[in-house]
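Taking it in order: structure first as structure tokens, then the write-up.
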2 protein chains.
Amino acid sequence: MDKPEDLFKKITFCTEPQFRDELLQHGQLLKFNKGDVIVRDGQYVKFLPIVLKGAIRVFQQKEDREILLYYVRAEETCTMSLAAAYFDNQSTSHGVVTEPTEVLIFPASLIPEWQLKYPSWNRYVMTMFRKRYDELINSFEGIAFDHIDARVLSYLQNKSLKEDSASVYLSHQQLADELGTTRVVVSRILKEYERQNKIKLFRGRIELL
Amino acid sequence: MDKPEDLFKKITFCTEPQFRDELLQHGQLLKFNKGDVIVRDGQYVKFLPIVLKGAIRVFQQKEDREILLYYVRAEETCTMSLAAAYFDNQSTSHGVVTEPTEVLIFPASLIPEWQLKYPSWNRYVMTMFRKRYDELINSFEGIAFDHIDARVLSYLQNKSLKEDSASVYLSHQQLADELGTTRVVVSRILKEYERQNKIKLFRGRIELL
DNA sequence: TCGCTTGTGTATCTTTTGATACCGTTCTGA
DNA sequence: TCAGAACGGTATCAAAAGATACACAAGCGA
């Protein structure tokens, strides 16, 4: 791996010098393109990824429905993989890259060691577990208490905010998948919001006003 | 604390002798009754509980609704408290005892140390995080894909199975709270199941057939 | 350019669920 | 033993959301 100084601009959580050495020594840099599958349901997880750039969509699939668990973004790891790797279990979810993505992977066998050796790794793991759990509670709340129209709007606002763009590039179908509903419902709601002058609709793009 | 040999019949996960010593040294045994509040939203978590007997109901409260996160049962800990304690954050949930309960508590400040010292503690923490996350995914699935009638029935079947009893002692209101719906809806569904001869209803008790 | 795929708009119908109201029964404590 | 609380049954109404069907437009590859 070249340019370690660059790597540690992207992975800021590991502070111990020895930990950094180990990351450089055992880590391997991989690049993926949109649509690449990183983990599959049923697969054993022998390497744990930390995302440097891009995003991995992690979800479970039951029959024809899917549950979106989270996106793994820069400097984050996949807690499902982490847990599966730690216990040498098969993965119960899928991980699919949604945009050009760089990932640092390292052997799962190091996890238990690092837990004991590096406080910063420890803290990182706790942070990630906490974050994922909170995210899931949030989705849970949304689905339990909010009506879909509100969820559609706040999804769009969130995404627009994160991407720092007034336009969100998604088809109604993709939006429906994210929210666990159907295309027709989404189209209906979006049209209503357009009537209320809250958004403007284009093919494959939604502009927030 | 008296009778350490009894304690380690109940807490089997800690295997290192030194860890056991520390638990005995720093741990404190507390007893609670039904209705006692162990943690409250907004409170700092200075002690982490491990349940020896009984159950703690952990939930979040938003306006008039509540979200049931999980029950902490024998040999389990509360991951919400664990994370809050680790980061010295305020709790974002409530923990209420639902039956006579014994709890071993120890200072939150020990958690980061134990992470580094004891592999068995490490494993325990990972196990708990994993378990809670899976539980939440399950509830999520239920609420997202199953109709309430199915959720009512499977809740009853689960509970009956766990308690190894054909009868479940719950009022319709309690059942509604567990499932995040209203009493009327639960009554309606239960009556229908009774008509189908799947259950039999009594005051404060539901018998599975 | 033609035909196919993808994306979108919309109407109709049905089911599920929640809200509200009212009533009777059972239990419990003063 | 009496009043009030907790529990449970049920009817009526309305809202939310899914299912289905069809039409049309835009994009795309052969």
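By convention in this document, the chains of the structure tokens carry letters A, B, ... by their order, each chain's residues are numbered from 1, and ligands are numbered from 1 in the order they are shown.
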
Strand (DSSP E) per DSSP on the backbone: members of range 29-108 of chain B, as JSON, numbers by chain: {"B": [29, 30, 31, 32, 37, 38, 39, 47, 48, 49, 50, 51, 52, 53, 54, 55, 56, 57, 58, 59, 60, 61, 62, 65, 66, 67, 68, 69, 70, 71, 72, 94, 95, 96, 97, 98, 99, 100, 101, 102, 103, 104, 105, 106, 107]}

Export, as a short mmCIF file (atom, residue, chain, number, x, y, z; two decimals), in the first residue's frame, the selected residues with C-alpha atoms.
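Wrote selection-v5.cif, looks like this:
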data_model
loop_
_atom_site.label_atom_id
_atom_site.label_comp_id
_atom_site.auth_asym_id
_atom_site.auth_seq_id
_atom_site.Cartn_x
_atom_site.Cartn_y
_atom_site.Cartn_z
CA LEU B 29 -25.93 -7.25 44.25
CA LEU B 30 -29.24 -5.41 44.08
CA LYS B 31 -32.82 -6.60 44.24
CA PHE B 32 -35.74 -4.89 42.59
CA VAL B 37 -37.21 2.02 37.48
CA ILE B 38 -33.56 1.17 36.86
CA VAL B 39 -32.67 3.73 34.21
CA PHE B 47 -23.22 1.50 36.74
CA LEU B 48 -23.77 -1.32 34.33
CA PRO B 49 -26.25 -4.05 35.32
CA ILE B 50 -26.09 -7.74 34.58
CA VAL B 51 -29.33 -9.50 35.35
CA LEU B 52 -29.10 -12.62 37.48
CA LYS B 53 -32.81 -13.33 37.77
CA GLY B 54 -35.96 -11.66 36.48
CA ALA B 55 -36.31 -9.15 33.66
CA ILE B 56 -35.90 -5.50 32.81
CA ARG B 57 -38.05 -3.98 30.08
CA VAL B 58 -36.08 -1.46 28.04
CA PHE B 59 -37.97 0.99 25.89
CA GLN B 60 -37.91 4.48 24.44
CA GLN B 61 -40.68 6.97 24.89
CA LYS B 62 -41.66 9.51 22.26
CA ARG B 65 -45.93 6.27 22.08
CA GLU B 66 -43.33 3.85 23.24
CA ILE B 67 -40.92 1.57 21.41
CA LEU B 68 -40.04 -1.67 23.08
CA LEU B 69 -36.36 -2.36 22.47
CA TYR B 70 -35.78 -5.56 24.43
CA TYR B 71 -35.99 -7.35 27.72
CA VAL B 72 -32.80 -7.87 29.70
CA HIS B 94 -36.02 3.66 30.14
CA GLY B 95 -35.47 0.42 32.00
CA VAL B 96 -38.28 -0.87 34.18
CA VAL B 97 -38.35 -4.10 36.15
CA THR B 98 -41.30 -6.32 35.24
CA GLU B 99 -40.90 -9.05 37.85
CA PRO B 100 -38.83 -9.58 41.00
CA THR B 101 -35.31 -9.16 39.74
CA GLU B 102 -31.76 -9.57 40.96
CA VAL B 103 -29.05 -7.55 39.35
CA LEU B 104 -25.29 -7.39 39.63
CA ILE B 105 -24.02 -3.89 39.01
CA PHE B 106 -20.51 -2.62 38.67
CA PRO B 107 -18.91 0.75 37.93
#

Chain B residues near chain C (10 Å cut-off, only C-alpha atoms (C1' of nucleotides)) as a list in words: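 For chain B, the answer reads His147, Ile148, Thr181, Thr182, Val184, Val185 and Arg203 of chain B.
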
Contact residues (chain D, partner chain B, 9 Å, only C-alpha atoms (C1' of nucleotides)) as a PyMOL selection string: chain D and resi 7-10

Interface residues on chain B facing chain A, 8 Å, only C-alpha atoms, written as a list in words: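 Taken together, these residues fit the definition: Ile67, Ala83, Pro112, Gln115, Leu116, Lys117, Tyr118, Pro119, Asn122, Met126, Phe129, Arg130, Tyr133, Leu136, Ile137, Phe140, Glu141, Ile143, Ala144 and Gly180 of chain B.
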
Any chance you could export the current selection's C-alpha atoms as a compact mmCIF listing (two decimals), in the first residue's frame?
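New file again_16.txt:
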# COMPACT_ATOMS: atom_id res chain seq x y z
CA ILE B 67 -40.92 1.57 21.41
CA ALA B 83 -22.91 2.06 25.17
CA PRO B 112 -12.97 0.06 28.87
CA GLN B 115 -12.47 -4.73 27.12
CA LEU B 116 -8.70 -4.80 27.00
CA LYS B 117 -8.07 -7.31 29.73
CA TYR B 118 -10.59 -10.09 29.35
CA PRO B 119 -11.35 -11.94 26.13
CA ASN B 122 -15.09 -9.04 24.94
CA MET B 126 -20.08 -8.76 21.09
CA PHE B 129 -24.67 -6.36 20.70
CA ARG B 130 -25.31 -8.98 18.12
CA TYR B 133 -29.39 -6.00 16.89
CA LEU B 136 -34.48 -5.31 16.64
CA ILE B 137 -34.28 -6.51 13.04
CA PHE B 140 -38.61 -4.44 12.35
CA GLU B 141 -39.45 -7.24 9.98
CA ILE B 143 -43.85 -4.46 11.86
CA ALA B 144 -42.83 -3.92 8.25
CA GLY B 180 -47.36 -0.92 19.59

Alpha helix (DSSP H) call set, DSSP backbone run, range 1-186 of chain A, as an MDAnalysis selection string: chainID A and resid 4:10 17:26 79:86 110:117 119:145 148:162 172:179 183:186

Just write the chosen residues, C-alpha atoms, as a short mmCIF file (atom, residue, chain, number, x, y, z; two decimals), in the first residue's frame.
data_model
loop_
_atom_site.label_atom_id
_atom_site.label_comp_id
_atom_site.auth_asym_id
_atom_site.auth_seq_id
_atom_site.Cartn_x
_atom_site.Cartn_y
_atom_site.Cartn_z
CA PRO A 4 0.26 5.70 4.34
CA GLU A 5 -0.13 9.37 5.20
CA ASP A 6 -3.08 9.52 2.82
CA LEU A 7 -4.63 6.44 4.32
CA PHE A 8 -4.60 7.94 7.78
CA LYS A 9 -6.30 11.02 6.55
CA LYS A 10 -9.18 8.74 5.74
CA PRO A 17 1.32 3.86 16.02
CA GLN A 18 1.57 0.11 16.33
CA PHE A 19 -2.05 -0.21 15.26
CA ARG A 20 -1.30 1.91 12.21
CA ASP A 21 1.61 -0.31 11.35
CA GLU A 22 -0.56 -3.37 11.58
CA LEU A 23 -3.23 -1.80 9.42
CA LEU A 24 -0.65 -1.04 6.76
CA GLN A 25 0.87 -4.46 7.05
CA HIS A 26 -2.30 -6.57 6.96
CA THR A 79 -21.22 -4.26 11.96
CA MET A 80 -23.03 -7.24 10.51
CA SER A 81 -19.77 -8.39 8.95
CA LEU A 82 -17.88 -7.52 12.10
CA ALA A 83 -20.10 -9.70 14.25
CA ALA A 84 -20.20 -12.50 11.70
CA ALA A 85 -16.42 -12.39 11.37
CA TYR A 86 -15.85 -12.34 15.11
CA LEU A 110 -7.24 -9.96 13.72
CA ILE A 111 -10.41 -8.62 15.28
CA PRO A 112 -10.25 -10.43 18.62
CA GLU A 113 -6.57 -9.48 18.95
CA TRP A 114 -7.18 -5.84 18.19
CA GLN A 115 -9.99 -5.76 20.68
CA LEU A 116 -7.47 -6.55 23.36
CA LYS A 117 -4.55 -4.52 22.06
CA PRO A 119 -8.22 1.06 22.84
CA SER A 120 -8.91 3.16 19.75
CA TRP A 121 -10.12 0.08 17.90
CA ASN A 122 -12.29 -0.76 20.85
CA ARG A 123 -13.81 2.64 20.83
CA TYR A 124 -14.34 2.44 17.11
CA VAL A 125 -16.21 -0.84 17.40
CA MET A 126 -18.42 0.51 20.16
CA THR A 127 -19.11 3.63 18.15
CA MET A 128 -20.13 1.62 15.12
CA PHE A 129 -22.40 -0.71 17.06
CA ARG A 130 -24.02 2.22 18.74
CA LYS A 131 -24.49 4.06 15.49
CA ARG A 132 -26.04 1.12 13.69
CA TYR A 133 -28.37 0.41 16.55
CA ASP A 134 -29.53 4.01 16.68
CA GLU A 135 -30.06 4.05 12.95
CA LEU A 136 -32.20 0.96 13.18
CA ILE A 137 -34.24 2.43 16.02
CA ASN A 138 -34.80 5.47 13.87
CA SER A 139 -36.08 3.47 10.94
CA PHE A 140 -38.18 1.51 13.36
CA GLU A 141 -39.72 4.64 14.76
CA GLY A 142 -40.38 5.92 11.29
CA ILE A 143 -42.11 2.81 10.13
CA ALA A 144 -44.02 2.43 13.38
CA PHE A 145 -45.29 5.94 13.92
CA ILE A 148 -45.41 7.11 4.51
CA ASP A 149 -45.83 10.58 3.10
CA ALA A 150 -43.80 12.01 5.97
CA ARG A 151 -41.18 9.33 5.54
CA VAL A 152 -40.86 10.04 1.86
CA LEU A 153 -40.32 13.71 2.46
CA SER A 154 -37.82 13.30 5.26
CA TYR A 155 -35.92 10.72 3.24
CA LEU A 156 -35.59 13.19 0.41
CA GLN A 157 -34.62 16.04 2.69
CA ASN A 158 -32.00 13.91 4.40
CA LYS A 159 -30.50 12.74 1.16
CA SER A 160 -30.51 16.21 -0.29
CA LEU A 161 -28.77 17.51 2.82
CA LYS A 162 -26.14 14.78 2.85
CA HIS A 172 -39.80 6.29 -7.82
CA GLN A 173 -39.10 2.57 -7.76
CA GLN A 174 -35.75 3.02 -6.02
CA LEU A 175 -37.35 5.33 -3.50
CA ALA A 176 -40.05 2.75 -2.86
CA ASP A 177 -37.38 0.09 -2.25
CA GLU A 178 -35.58 2.29 0.24
CA LEU A 179 -38.75 2.86 2.19
CA ARG A 183 -43.86 2.43 -6.63
CA VAL A 184 -47.49 3.46 -7.02
CA VAL A 185 -47.67 4.72 -3.48
CA VAL A 186 -44.50 6.74 -3.92
#
